Every structure is written in structure tokens, then in C-alpha cells.
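> As input, take my_file.txt (compact mmCIF, C-alpha atoms and all ligand atoms):
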```
# COMPACT_ATOMS: atom_id res chain seq x y z
CA MET D 1 -118.87 -160.02 120.22
CA THR D 2 -119.31 -163.03 117.90
CA SER D 3 -116.13 -164.81 116.88
CA VAL D 4 -115.25 -165.10 113.21
CA SER D 5 -113.22 -167.98 111.88
CA ILE D 6 -111.33 -167.46 108.67
CA SER D 7 -108.92 -169.45 106.51
CA LYS D 8 -105.16 -169.54 107.04
CA ARG D 9 -104.89 -167.48 103.83
CA LEU D 10 -107.11 -164.68 105.18
CA GLN D 11 -105.37 -164.85 108.57
CA THR D 12 -102.04 -164.25 106.83
CA ILE D 13 -103.54 -161.23 105.05
CA ALA D 14 -104.92 -159.96 108.38
CA ARG D 15 -101.44 -160.18 109.94
CA TYR D 16 -100.24 -157.59 107.44
CA CYS D 17 -102.92 -155.05 108.46
CA PRO D 18 -101.41 -152.57 110.93
CA GLU D 19 -103.30 -152.09 114.16
CA GLY D 20 -105.75 -149.20 114.09
CA ALA D 21 -105.77 -148.95 110.29
CA ARG D 22 -108.82 -148.10 108.24
CA VAL D 23 -108.99 -151.04 105.89
CA ALA D 24 -110.84 -151.35 102.58
CA ASP D 25 -111.39 -154.91 101.45
CA ILE D 26 -112.30 -154.84 97.77
CA GLY D 27 -114.11 -157.91 96.48
CA SER D 28 -114.99 -158.82 100.05
CA ASP D 29 -117.49 -161.57 99.19
CA HIS D 30 -119.05 -162.45 102.60
CA ALA D 31 -116.96 -159.76 104.37
CA LEU D 32 -115.17 -162.41 106.42
CA LEU D 33 -111.81 -160.64 106.39
CA ALA D 34 -113.44 -157.31 107.28
CA SER D 35 -115.39 -158.97 110.13
CA TYR D 36 -112.28 -160.69 111.46
CA LEU D 37 -110.32 -157.41 111.41
CA LEU D 38 -113.03 -155.75 113.47
CA VAL D 39 -113.64 -158.61 115.90
CA LYS D 40 -109.92 -158.99 116.59
CA GLY D 41 -109.59 -155.25 117.13
CA ILE D 42 -107.05 -154.94 114.32
CA ALA D 43 -108.86 -152.41 112.12
CA SER D 44 -110.39 -149.21 113.46
CA PHE D 45 -112.79 -149.10 110.51
CA VAL D 46 -113.51 -151.39 107.56
CA ILE D 47 -115.01 -150.78 104.17
CA ALA D 48 -116.17 -153.93 102.41
CA GLY D 49 -116.56 -153.35 98.67
CA GLU D 50 -118.43 -155.81 96.46
CA LEU D 51 -119.41 -155.71 92.80
CA ASN D 52 -122.04 -158.42 92.79
CA GLU D 53 -125.46 -158.34 94.45
CA GLY D 54 -125.35 -161.82 96.07
CA PRO D 55 -122.05 -161.38 97.92
CA PHE D 56 -122.92 -157.72 98.67
CA GLN D 57 -126.09 -158.84 100.49
CA ALA D 58 -124.13 -161.61 102.23
CA ALA D 59 -121.52 -159.06 103.36
CA LYS D 60 -124.21 -156.73 104.75
CA LYS D 61 -125.81 -159.63 106.63
CA GLN D 62 -122.47 -160.79 108.02
CA ILE D 63 -121.49 -157.33 109.28
CA HIS D 64 -124.97 -156.89 110.74
CA THR D 65 -124.64 -160.09 112.81
CA LEU D 66 -121.50 -158.65 114.39
CA GLN D 67 -123.29 -155.53 115.53
CA VAL D 68 -120.37 -153.35 114.57
CA LYS D 69 -122.19 -151.24 112.04
CA ASP D 70 -120.63 -148.07 113.37
CA ARG D 71 -117.14 -149.28 112.45
CA ALA D 72 -118.04 -150.84 109.10
CA SER D 73 -119.39 -149.75 105.79
CA VAL D 74 -120.53 -152.29 103.18
CA ARG D 75 -120.65 -150.78 99.70
CA LYS D 76 -121.70 -152.06 96.32
CA GLY D 77 -119.57 -151.04 93.35
CA ASN D 78 -116.78 -151.78 90.95
CA GLY D 79 -113.31 -152.00 92.49
CA LEU D 80 -112.00 -148.84 94.12
CA ALA D 81 -115.01 -146.81 92.93
CA VAL D 82 -116.61 -147.48 96.32
CA LEU D 83 -113.88 -145.42 98.04
CA GLN D 84 -113.40 -141.70 98.54
CA PRO D 85 -109.78 -140.48 98.39
CA GLY D 86 -108.23 -140.45 101.87
CA GLU D 87 -110.78 -142.83 103.37
CA ALA D 88 -108.57 -145.91 103.75
CA ASP D 89 -105.03 -146.52 105.04
CA VAL D 90 -104.88 -150.07 103.71
CA VAL D 91 -106.43 -151.64 100.63
CA CYS D 92 -106.76 -155.45 100.46
CA ILE D 93 -107.70 -157.19 97.25
CA ALA D 94 -107.67 -160.98 97.56
CA GLY D 95 -108.83 -164.10 95.83
CA MET D 96 -108.90 -162.79 92.26
CA GLY D 97 -106.64 -163.17 89.24
CA GLY D 98 -103.61 -160.89 89.02
CA GLN D 99 -104.89 -159.19 85.86
CA LEU D 100 -108.20 -158.31 87.53
CA ILE D 101 -106.36 -156.93 90.57
CA VAL D 102 -104.20 -154.81 88.25
CA SER D 103 -107.23 -153.52 86.34
CA ILE D 104 -108.95 -152.57 89.63
CA LEU D 105 -105.83 -150.69 90.82
CA GLU D 106 -105.31 -149.04 87.45
CA ALA D 107 -108.91 -147.88 87.13
CA GLY D 108 -108.96 -146.51 90.67
CA LYS D 109 -105.53 -144.87 90.95
CA ASP D 110 -107.06 -141.57 92.17
CA LYS D 111 -108.67 -143.45 95.08
CA LEU D 112 -105.27 -144.66 96.27
CA GLU D 113 -104.44 -141.18 97.47
CA GLY D 114 -103.68 -141.48 101.20
CA VAL D 115 -103.50 -145.28 101.05
CA GLN D 116 -100.30 -146.36 102.79
CA ARG D 117 -100.34 -150.09 102.20
CA LEU D 118 -101.63 -152.54 99.61
CA ILE D 119 -102.16 -156.18 100.54
CA LEU D 120 -102.80 -158.17 97.39
CA GLN D 121 -103.41 -161.88 97.00
CA PRO D 122 -103.63 -162.87 93.35
CA ASN D 123 -104.74 -166.45 92.74
CA VAL D 124 -102.73 -166.45 89.51
CA GLY D 125 -100.72 -163.84 87.60
CA GLU D 126 -98.56 -162.59 90.50
CA GLU D 127 -96.02 -161.31 87.94
CA ALA D 128 -98.51 -158.77 86.56
CA VAL D 129 -99.18 -157.46 90.08
CA ARG D 130 -95.46 -157.07 90.90
CA LEU D 131 -94.93 -155.29 87.56
CA TRP D 132 -97.81 -152.89 88.26
CA MET D 133 -96.21 -152.05 91.62
CA ILE D 134 -92.90 -151.22 89.94
CA GLU D 135 -94.58 -149.06 87.30
CA ASN D 136 -96.65 -147.19 89.88
CA GLY D 137 -94.15 -146.38 92.65
CA TRP D 138 -95.21 -149.10 95.10
CA GLN D 139 -92.37 -150.93 96.82
CA LEU D 140 -92.92 -154.56 97.69
CA ILE D 141 -92.11 -154.79 101.41
CA ALA D 142 -93.09 -158.40 102.16
CA GLU D 143 -94.34 -161.57 100.53
CA SER D 144 -95.83 -164.76 101.92
CA ILE D 145 -96.48 -168.07 100.27
CA LEU D 146 -98.67 -170.70 101.88
CA GLN D 147 -100.51 -173.88 101.08
CA GLU D 148 -104.04 -174.55 102.22
CA ASP D 149 -106.28 -177.45 101.15
CA GLY D 150 -103.79 -178.32 98.42
CA VAL D 151 -103.79 -174.81 96.90
CA ILE D 152 -100.77 -172.51 96.97
CA TYR D 153 -101.36 -168.80 97.60
CA GLU D 154 -99.06 -165.79 97.42
CA ILE D 155 -99.62 -162.59 99.35
CA LEU D 156 -97.86 -159.41 98.25
CA VAL D 157 -97.57 -156.37 100.51
CA ALA D 158 -96.46 -152.97 99.23
CA GLU D 159 -95.98 -149.43 100.43
CA ARG D 160 -94.98 -146.29 98.57
CA GLY D 161 -91.22 -146.10 98.15
CA ASN D 162 -88.47 -147.24 95.84
CA PRO D 163 -90.16 -149.95 93.79
CA THR D 164 -87.00 -151.51 92.35
CA LEU D 165 -85.18 -151.81 95.71
CA PRO D 166 -86.35 -155.38 96.53
CA TYR D 167 -85.02 -156.54 93.17
CA GLU D 168 -81.54 -155.08 93.61
CA GLY D 169 -78.40 -157.01 94.61
CA LYS D 170 -79.98 -160.42 94.03
CA ASP D 171 -78.57 -163.41 92.12
CA ARG D 172 -81.54 -163.32 89.70
CA THR D 173 -82.58 -160.66 87.20
CA GLN D 174 -85.53 -158.36 87.89
CA GLN D 175 -87.45 -160.13 85.13
CA GLU D 176 -86.98 -163.48 86.86
CA LEU D 177 -87.78 -162.10 90.30
CA LEU D 178 -91.02 -160.57 88.99
CA ARG D 179 -92.07 -164.15 88.34
CA ILE D 180 -90.65 -165.79 91.47
CA GLY D 181 -91.01 -162.99 94.00
CA PRO D 182 -87.88 -161.27 95.41
CA PHE D 183 -88.69 -162.00 99.07
CA LEU D 184 -89.85 -165.54 98.30
CA TRP D 185 -86.59 -166.14 96.45
CA VAL D 186 -84.54 -165.10 99.47
CA GLU D 187 -86.70 -167.17 101.81
CA LYS D 188 -86.68 -170.31 99.58
CA SER D 189 -89.47 -172.10 101.40
CA GLU D 190 -90.70 -175.65 100.81
CA VAL D 191 -93.97 -174.18 99.51
CA LEU D 192 -92.13 -172.14 96.88
CA GLN D 193 -90.37 -175.32 95.79
CA ALA D 194 -93.74 -177.09 95.63
CA LYS D 195 -95.16 -174.27 93.49
CA TRP D 196 -92.38 -174.54 90.91
CA LEU D 197 -92.48 -178.36 90.93
CA HIS D 198 -96.17 -178.06 90.14
CA GLU D 199 -95.46 -175.60 87.29
CA HIS D 200 -92.84 -178.04 85.98
CA GLU D 201 -95.33 -180.90 86.00
CA LYS D 202 -97.97 -178.76 84.27
CA TRP D 203 -95.66 -177.86 81.37
CA GLN D 204 -94.38 -181.46 81.05
CA LYS D 205 -97.97 -182.65 80.60
CA ILE D 206 -98.56 -179.98 77.93
CA ILE D 207 -95.43 -181.13 76.08
CA VAL D 208 -96.73 -184.73 76.07
CA GLN D 209 -100.05 -183.53 74.62
CA LEU D 210 -98.36 -181.33 72.02
CA LYS D 211 -96.13 -184.21 70.91
CA ARG D 212 -99.28 -186.11 69.97
CA SER D 213 -100.51 -183.19 67.85
CA ASP D 214 -99.85 -183.05 64.13
CA LYS D 215 -100.47 -179.30 63.91
CA PRO D 216 -97.51 -177.52 62.27
CA GLU D 217 -97.24 -174.93 65.08
CA ALA D 218 -96.89 -177.66 67.76
CA ALA D 219 -93.14 -178.15 67.19
CA GLU D 220 -92.44 -174.44 67.70
CA ARG D 221 -94.56 -174.35 70.86
CA ILE D 222 -92.76 -177.43 72.23
CA LYS D 223 -89.44 -175.63 71.78
CA GLU D 224 -90.73 -172.61 73.73
CA ILE D 225 -92.10 -174.76 76.53
CA GLU D 226 -88.88 -176.79 76.72
CA ALA D 227 -86.98 -173.54 77.28
CA GLU D 228 -89.45 -172.67 80.06
CA VAL D 229 -89.07 -176.13 81.63
CA LYS D 230 -85.27 -175.77 81.52
CA TRP D 231 -85.54 -172.45 83.37
CA ILE D 232 -87.88 -173.96 85.96
CA ASP D 233 -85.49 -176.93 86.39
CA GLU D 234 -82.72 -174.50 87.17
CA VAL D 235 -84.87 -172.51 89.62
CA ILE D 236 -85.82 -175.73 91.45
CA ALA D 237 -82.19 -176.88 91.55
CA CYS D 238 -81.18 -173.55 93.15
CA LEU D 239 -84.04 -173.70 95.64
CA ARG D 240 -82.92 -177.19 96.68
CA THR D 241 -79.18 -176.48 96.83
CA ASP D 242 -79.45 -173.12 98.61
CA LYS D 243 -81.79 -174.62 101.20
CA GLN D 244 -79.30 -177.35 102.18
N1 LIG M 301 -111.68 -161.44 98.92
C1 LIG M 301 -112.35 -162.65 99.31
C2 LIG M 301 -111.36 -163.72 99.65
O1 LIG M 301 -110.19 -163.56 99.32
O2 LIG M 301 -111.76 -164.74 100.24
C3 LIG M 301 -113.32 -163.13 98.25
C4 LIG M 301 -112.71 -163.60 96.99
S1 LIG M 301 -113.95 -164.01 95.81
C5 LIG M 301 -113.23 -165.30 94.95
C6 LIG M 301 -113.85 -162.63 94.72
C7 LIG M 301 -114.93 -161.60 95.03
O3 LIG M 301 -114.63 -160.41 94.33
C8 LIG M 301 -116.30 -162.04 94.57
O4 LIG M 301 -117.20 -161.90 95.64
C9 LIG M 301 -116.63 -161.11 93.40
O5 LIG M 301 -118.01 -160.81 93.32
C10 LIG M 301 -115.81 -159.89 93.76
N2 LIG M 301 -115.40 -159.04 92.63
C11 LIG M 301 -114.97 -159.43 91.43
N3 LIG M 301 -114.65 -158.36 90.67
C12 LIG M 301 -114.85 -157.26 91.45
C13 LIG M 301 -114.71 -155.86 91.24
N4 LIG M 301 -114.28 -155.39 90.10
N5 LIG M 301 -115.02 -155.04 92.27
C14 LIG M 301 -115.45 -155.52 93.44
N6 LIG M 301 -115.63 -156.84 93.68
C15 LIG M 301 -115.32 -157.69 92.70
```
Would you encode the structure as C-alpha cells?

Amino acid sequence: MTSVSISKRLQTIARYCPEGARVADIGSDHALLASYLLVKGIASFVIAGELNEGPFQAAKKQIHTLQVKDRASVRKGNGLAVLQPGEADVVCIAGMGGQLIVSILEAGKDKLEGVQRLILQPNVGEEAVRLWMIENGWQLIAESILQEDGVIYEILVAERGNPTLPYEGKDRTQQELLRIGPFLWVEKSEVLQAKWLHEHEKWQKIIVQLKRSDKPEAAERIKEIEAEVKWIDEVIACLRTDKQ
């Protein structure tokens, strides 16, 4: 069978797929993750869902080259609409904004029946995804943060359970941990530090720009951002101290 090479980000997602699972990859683009899961013998069946015609055709072509048609289904449609309830054990949604991931999950809640695990990789807006999990009975069971080609990615894995458990007994409030990630906070990796240093830099640049503005609302906005920067400073200080 042809080999499939995928990014470190997709490999990390693949590591969270239990062996033998029926995996739905929603927004599969070229179906690389789905192909990898089949070629490596991780998934017993894959469903690659795609909204747009170009990537849908690319996904079909990719799966076809692997000659594993019997263990794959490439479907065109919006989010979880491509699934029947009970068809998948694992749903992966990767490489989109957190808000889009949440809207896909929200719109397709009935299709999550029988799904045991969610593997979500928001490019931005991780907080919204963690909040959706809490509000919908999904317990975060693992998180990964990694850097590839200068970009930082977070991967969130959840199963049905007690959604507030990962946030309990920590030295940060739930509200803060929704932003940082409860598992990432415990792990305190160099990449997490790099993420928050980057956020710090981003807000500092915005402050400099706002200070040049003569709009009346600029002063108020600067105050808000300074409070944010102070919080980030404190998060970074803790990450550094606790790591030593
Ligand atoms: N999941 C792949 C990955 O992580 O490498 C591809 C990510 S790509 C940036 C996002 C893909 O999701 C695109 O191919 C896009 O067409 C598709 N997409 C966006 N919204 C979607 C939706 N509502 N339902 C299904 N696919 C969607």
C-alpha cells in the first residue's frame, strides 16, 4: 500500500485516534489524515467530509490512489451533516477557527450520538472550543501543543464525562484555564511559553499603534489591553518559575 506522509500536527492528531476506531474527519481537505489512518492500520474505517468541491474531488482522488475504497467513504457536505448517527467512534475537526468548529459541533449535535471521542484542532479560538465542551458534557481528556514551521497548534481531545473535572483543584480559575488549557497549564511546555510570549508581543504592538491614534476611544482600549498584558505577564512568569 502507498505510504502517506503527513505533518507533525496531523501525526499528533492521529496518535489520539484509538486503534480500530471508525473515524470521521470533517473538513478533510485532501483526506491526508484519513489516508494516513488507513495506511497505518489505525482506523478500521474513515469518513472524509468536505464542504467544498475542489478539496472534495482531491479527497476522492487521494483515497482512490490508496485503493482502500472499501474502508473509506468520501462525502460532500456541511460539517456533521455527512454523518449518520452511530456511524463514527471518533470525530476529528482540524485546521479551522475555533468558532467554526463550535458551529459545526452545535449544528450537528444529533450526529454525535455514539461518538466516543472528539479530536479538535482549532487554529485560533481554543477558548470557545473548551467552553463548548463544558456546556455539552464533553470532558477534556488530553491536550497537546506543538510548533511546526513557526506556527503553534493546539490539539484538544475530549470524551463524554464530567466536563469540569480537568479544571478542578488547579491554581488558576476555570475562566483562565479555558484560555490557557488545563492540561497545558500543568505541563508548562516551552511551546506554551512561546505562545504566550507571542500574544504578549502582539498586544504590545497594538498598544504602540493605539498610542499614536487621536481617537477618543483609544485611551479606553489601551487600558483594557494593558490589563490583558499584565495578566499575560503573570502567566509567563508562572510558566517560567514553575518550570525551573
Ligand atoms: N483538516 C485538514 C487539516 O487539518 O489539515 C484541512 C484543514 S483546511 C484549512 C479546512 C478544510 O475544511 C477546507 O478544505 C474547507 O473546505 C473545509 N471546510 C470548511 N468549512 C467546512 C464545513 N462546514 N464542513 C466541512 N468542511 C469544511
> Quick one: of D:Ile42, D:Val129, D:Ile206, D:Ala94, who's nearest to ligand LIG 301 (chain M), counting all atoms listed in the file?
D:Ala94
> Check which residues of chain D sit at most 9 Å from ligand LIG 301 (chain M) using only C-alpha atoms and all ligand atoms, and return one row each with the closest pair of atoms and their distance in Å to one decimal, ordered by chain and rising number, as a tab-separated table.

```
residue	atom	partner	partner_atom	distance
D:Ile6	CA	M:LIG301	O2	8.9
D:Ser7	CA	M:LIG301	O2	8.3
D:Arg9	CA	M:LIG301	O1	8.0
D:Leu10	CA	M:LIG301	O1	6.7
D:Asp25	CA	M:LIG301	N1	7.0
D:Ile26	CA	M:LIG301	C14	5.4
D:Gly27	CA	M:LIG301	O3	3.3
D:Ser28	CA	M:LIG301	N1	4.4
D:Asp29	CA	M:LIG301	O4	3.6
D:His30	CA	M:LIG301	O4	7.2
D:Ala31	CA	M:LIG301	C1	7.4
D:Leu32	CA	M:LIG301	O2	7.4
D:Leu33	CA	M:LIG301	C1	7.4
D:Gly49	CA	M:LIG301	C14	5.8
D:Glu50	CA	M:LIG301	N6	4.1
D:Leu51	CA	M:LIG301	C14	4.0
D:Asn52	CA	M:LIG301	O5	4.7
D:Glu53	CA	M:LIG301	O5	7.9
D:Gly54	CA	M:LIG301	O5	7.9
D:Pro55	CA	M:LIG301	O4	5.4
D:Phe56	CA	M:LIG301	O4	7.7
D:Lys76	CA	M:LIG301	C14	7.7
D:Gly77	CA	M:LIG301	C14	6.1
D:Asn78	CA	M:LIG301	N5	3.9
D:Gly79	CA	M:LIG301	N5	3.5
D:Leu80	CA	M:LIG301	N5	7.1
D:Ala81	CA	M:LIG301	N5	8.3
D:Val82	CA	M:LIG301	C14	8.6
D:Cys92	CA	M:LIG301	N1	7.9
D:Ile93	CA	M:LIG301	N1	6.1
D:Ala94	CA	M:LIG301	O1	4.0
D:Gly95	CA	M:LIG301	O1	3.8
D:Met96	CA	M:LIG301	C6	5.5
D:Gly97	CA	M:LIG301	C5	9.0
D:Leu100	CA	M:LIG301	N3	7.2
D:Ile101	CA	M:LIG301	N4	8.1
D:Ser103	CA	M:LIG301	N4	8.2
D:Ile104	CA	M:LIG301	N4	6.0
D:Gln121	CA	M:LIG301	O1	7.4
D:Pro122	CA	M:LIG301	O1	8.9
D:Asn123	CA	M:LIG301	C5	8.8
```
> Figure out the distance between atom CA of D:Val39 and atom CA of D:Gln116, please, to one decimal in Å.
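Computed distance, atom CA of D:Gln116 to atom CA of D:Val39, equals 22.4 Å.
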> Leaving out D:Glu113 and any residue of its chain fewer than 3 positions from it, which residues lie within 7 Å of it when counting all atoms listed in the file, given as a PDB file with C-alpha atoms, keeping the file's coordinate frame?

```pdb
ATOM      1  CA  PRO D  85    -109.780-140.480  98.390  1.00  0.00           C
ATOM      2  CA  GLY D  86    -108.230-140.450 101.870  1.00  0.00           C
ATOM      3  CA  ASP D 110    -107.060-141.570  92.170  1.00  0.00           C
TER       4      ASP D 110
END
```
> List every protein, DNA or RNA residue that has an atom no more than 12 Å from (-92.9, -177.6, 99.6) in the file's coordinate frame, counting all atoms listed in the file, and report them as a list in words.
Ile145, Leu146, Gln147, Glu148, Gly150, Val151, Ile152, Lys188, Ser189, Glu190, Val191, Leu192, Gln193, Ala194, Lys195, Trp196, Leu197, His198, Ile236, Leu239, Arg240 and Lys243 of chain D
> When distances are computed from all atoms listed in the file, which of D:Lys69, D:Lys8, D:His64, D:Arg130 shows the smallest separation from D:Ile180?
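Nearest to D:Ile180: D:Arg130.
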> How would stretch 133-144 of chain D read, as a PDB file, in the frame of the given file, once all heavy atoms are built in?

```pdb
ATOM      1  N   MET D 133     -96.795-152.757  90.462  1.00  0.00           N
ATOM      2  CA  MET D 133     -96.210-152.050  91.620  1.00  0.00           C
ATOM      3  C   MET D 133     -94.993-151.238  91.178  1.00  0.00           C
ATOM      4  O   MET D 133     -94.854-150.066  91.525  1.00  0.00           O
ATOM      5  CB  MET D 133     -95.801-153.049  92.705  1.00  0.00           C
ATOM      6  CG  MET D 133     -96.967-153.669  93.438  1.00  0.00           C
ATOM      7  SD  MET D 133     -96.369-154.983  94.523  1.00  0.00           S
ATOM      8  CE  MET D 133     -97.900-155.466  95.311  1.00  0.00           C
ATOM      9  N   ILE D 134     -94.115-151.885  90.406  1.00  0.00           N
ATOM     10  CA  ILE D 134     -92.900-151.220  89.940  1.00  0.00           C
ATOM     11  C   ILE D 134     -93.262-149.984  89.105  1.00  0.00           C
ATOM     12  O   ILE D 134     -92.699-148.909  89.274  1.00  0.00           O
ATOM     13  CB  ILE D 134     -92.019-152.184  89.116  1.00  0.00           C
ATOM     14  CG1 ILE D 134     -91.400-153.219  90.047  1.00  0.00           C
ATOM     15  CG2 ILE D 134     -90.959-151.421  88.327  1.00  0.00           C
ATOM     16  CD1 ILE D 134     -90.208-153.940  89.507  1.00  0.00           C
ATOM     17  N   GLU D 135     -94.224-150.151  88.227  1.00  0.00           N
ATOM     18  CA  GLU D 135     -94.580-149.060  87.300  1.00  0.00           C
ATOM     19  C   GLU D 135     -95.342-147.939  87.998  1.00  0.00           C
ATOM     20  O   GLU D 135     -95.531-146.874  87.423  1.00  0.00           O
ATOM     21  CB  GLU D 135     -95.427-149.620  86.150  1.00  0.00           C
ATOM     22  CG  GLU D 135     -94.589-150.455  85.192  1.00  0.00           C
ATOM     23  CD  GLU D 135     -95.426-151.209  84.174  1.00  0.00           C
ATOM     24  OE1 GLU D 135     -96.665-151.285  84.357  1.00  0.00           O
ATOM     25  OE2 GLU D 135     -94.837-151.737  83.218  1.00  0.00           O
ATOM     26  N   ASN D 136     -95.813-148.183  89.226  1.00  0.00           N
ATOM     27  CA  ASN D 136     -96.650-147.190  89.880  1.00  0.00           C
ATOM     28  C   ASN D 136     -96.104-146.704  91.223  1.00  0.00           C
ATOM     29  O   ASN D 136     -96.854-146.123  92.028  1.00  0.00           O
ATOM     30  CB  ASN D 136     -98.078-147.722  90.028  1.00  0.00           C
ATOM     31  CG  ASN D 136     -98.758-147.802  88.677  1.00  0.00           C
ATOM     32  OD1 ASN D 136     -99.280-146.816  88.179  1.00  0.00           O
ATOM     33  ND2 ASN D 136     -98.696-148.959  88.037  1.00  0.00           N
ATOM     34  N   GLY D 137     -94.815-146.937  91.459  1.00  0.00           N
ATOM     35  CA  GLY D 137     -94.150-146.380  92.650  1.00  0.00           C
ATOM     36  C   GLY D 137     -94.456-147.095  93.947  1.00  0.00           C
ATOM     37  O   GLY D 137     -94.253-146.531  95.016  1.00  0.00           O
ATOM     38  N   TRP D 138     -94.942-148.338  93.877  1.00  0.00           N
ATOM     39  CA  TRP D 138     -95.210-149.100  95.100  1.00  0.00           C
ATOM     40  C   TRP D 138     -94.065-150.091  95.315  1.00  0.00           C
ATOM     41  O   TRP D 138     -93.730-150.864  94.422  1.00  0.00           O
ATOM     42  CB  TRP D 138     -96.545-149.853  94.994  1.00  0.00           C
ATOM     43  CG  TRP D 138     -97.720-148.938  95.083  1.00  0.00           C
ATOM     44  CD1 TRP D 138     -98.319-148.277  94.042  1.00  0.00           C
ATOM     45  CD2 TRP D 138     -98.425-148.544  96.268  1.00  0.00           C
ATOM     46  NE1 TRP D 138     -99.350-147.506  94.516  1.00  0.00           N
ATOM     47  CE2 TRP D 138     -99.447-147.646  95.872  1.00  0.00           C
ATOM     48  CE3 TRP D 138     -98.292-148.860  97.620  1.00  0.00           C
ATOM     49  CZ2 TRP D 138    -100.326-147.068  96.781  1.00  0.00           C
ATOM     50  CZ3 TRP D 138     -99.182-148.280  98.521  1.00  0.00           C
ATOM     51  CH2 TRP D 138    -100.177-147.394  98.105  1.00  0.00           C
ATOM     52  N   GLN D 139     -93.498-150.045  96.499  1.00  0.00           N
ATOM     53  CA  GLN D 139     -92.370-150.930  96.820  1.00  0.00           C
ATOM     54  C   GLN D 139     -92.883-152.155  97.583  1.00  0.00           C
ATOM     55  O   GLN D 139     -93.501-152.019  98.649  1.00  0.00           O
ATOM     56  CB  GLN D 139     -91.358-150.170  97.691  1.00  0.00           C
ATOM     57  CG  GLN D 139     -90.150-151.000  98.085  1.00  0.00           C
ATOM     58  CD  GLN D 139     -89.212-150.223  99.012  1.00  0.00           C
ATOM     59  OE1 GLN D 139     -89.141-148.994  98.961  1.00  0.00           O
ATOM     60  NE2 GLN D 139     -88.503-150.935  99.853  1.00  0.00           N
ATOM     61  N   LEU D 140     -92.587-153.307  97.010  1.00  0.00           N
ATOM     62  CA  LEU D 140     -92.920-154.560  97.690  1.00  0.00           C
ATOM     63  C   LEU D 140     -92.141-154.577  99.006  1.00  0.00           C
ATOM     64  O   LEU D 140     -90.926-154.379  99.001  1.00  0.00           O
ATOM     65  CB  LEU D 140     -92.474-155.688  96.774  1.00  0.00           C
ATOM     66  CG  LEU D 140     -93.039-157.082  96.875  1.00  0.00           C
ATOM     67  CD1 LEU D 140     -94.548-157.089  96.786  1.00  0.00           C
ATOM     68  CD2 LEU D 140     -92.455-157.942  95.750  1.00  0.00           C
ATOM     69  N   ILE D 141     -92.830-154.782 100.128  1.00  0.00           N
ATOM     70  CA  ILE D 141     -92.110-154.790 101.410  1.00  0.00           C
ATOM     71  C   ILE D 141     -92.129-156.173 102.060  1.00  0.00           C
ATOM     72  O   ILE D 141     -91.367-156.448 102.972  1.00  0.00           O
ATOM     73  CB  ILE D 141     -92.648-153.727 102.406  1.00  0.00           C
ATOM     74  CG1 ILE D 141     -94.141-153.947 102.697  1.00  0.00           C
ATOM     75  CG2 ILE D 141     -92.372-152.321 101.916  1.00  0.00           C
ATOM     76  CD1 ILE D 141     -94.561-153.384 104.042  1.00  0.00           C
ATOM     77  N   ALA D 142     -93.032-157.033 101.608  1.00  0.00           N
ATOM     78  CA  ALA D 142     -93.090-158.400 102.160  1.00  0.00           C
ATOM     79  C   ALA D 142     -93.880-159.291 101.220  1.00  0.00           C
ATOM     80  O   ALA D 142     -94.727-158.810 100.447  1.00  0.00           O
ATOM     81  CB  ALA D 142     -93.777-158.373 103.530  1.00  0.00           C
ATOM     82  N   GLU D 143     -93.570-160.576 101.289  1.00  0.00           N
ATOM     83  CA  GLU D 143     -94.340-161.570 100.530  1.00  0.00           C
ATOM     84  C   GLU D 143     -94.498-162.802 101.412  1.00  0.00           C
ATOM     85  O   GLU D 143     -93.604-163.132 102.197  1.00  0.00           O
ATOM     86  CB  GLU D 143     -93.577-162.005  99.275  1.00  0.00           C
ATOM     87  CG  GLU D 143     -93.430-160.925  98.230  1.00  0.00           C
ATOM     88  CD  GLU D 143     -92.571-161.378  97.059  1.00  0.00           C
ATOM     89  OE1 GLU D 143     -91.445-161.867  97.286  1.00  0.00           O
ATOM     90  OE2 GLU D 143     -93.008-161.241  95.913  1.00  0.00           O
ATOM     91  N   SER D 144     -95.632-163.472 101.250  1.00  0.00           N
ATOM     92  CA  SER D 144     -95.830-164.760 101.920  1.00  0.00           C
ATOM     93  C   SER D 144     -96.317-165.757 100.897  1.00  0.00           C
ATOM     94  O   SER D 144     -97.056-165.390  99.976  1.00  0.00           O
ATOM     95  CB  SER D 144     -96.922-164.663 102.992  1.00  0.00           C
ATOM     96  OG  SER D 144     -96.417-164.099 104.158  1.00  0.00           O
TER      97      SER D 144
END
```
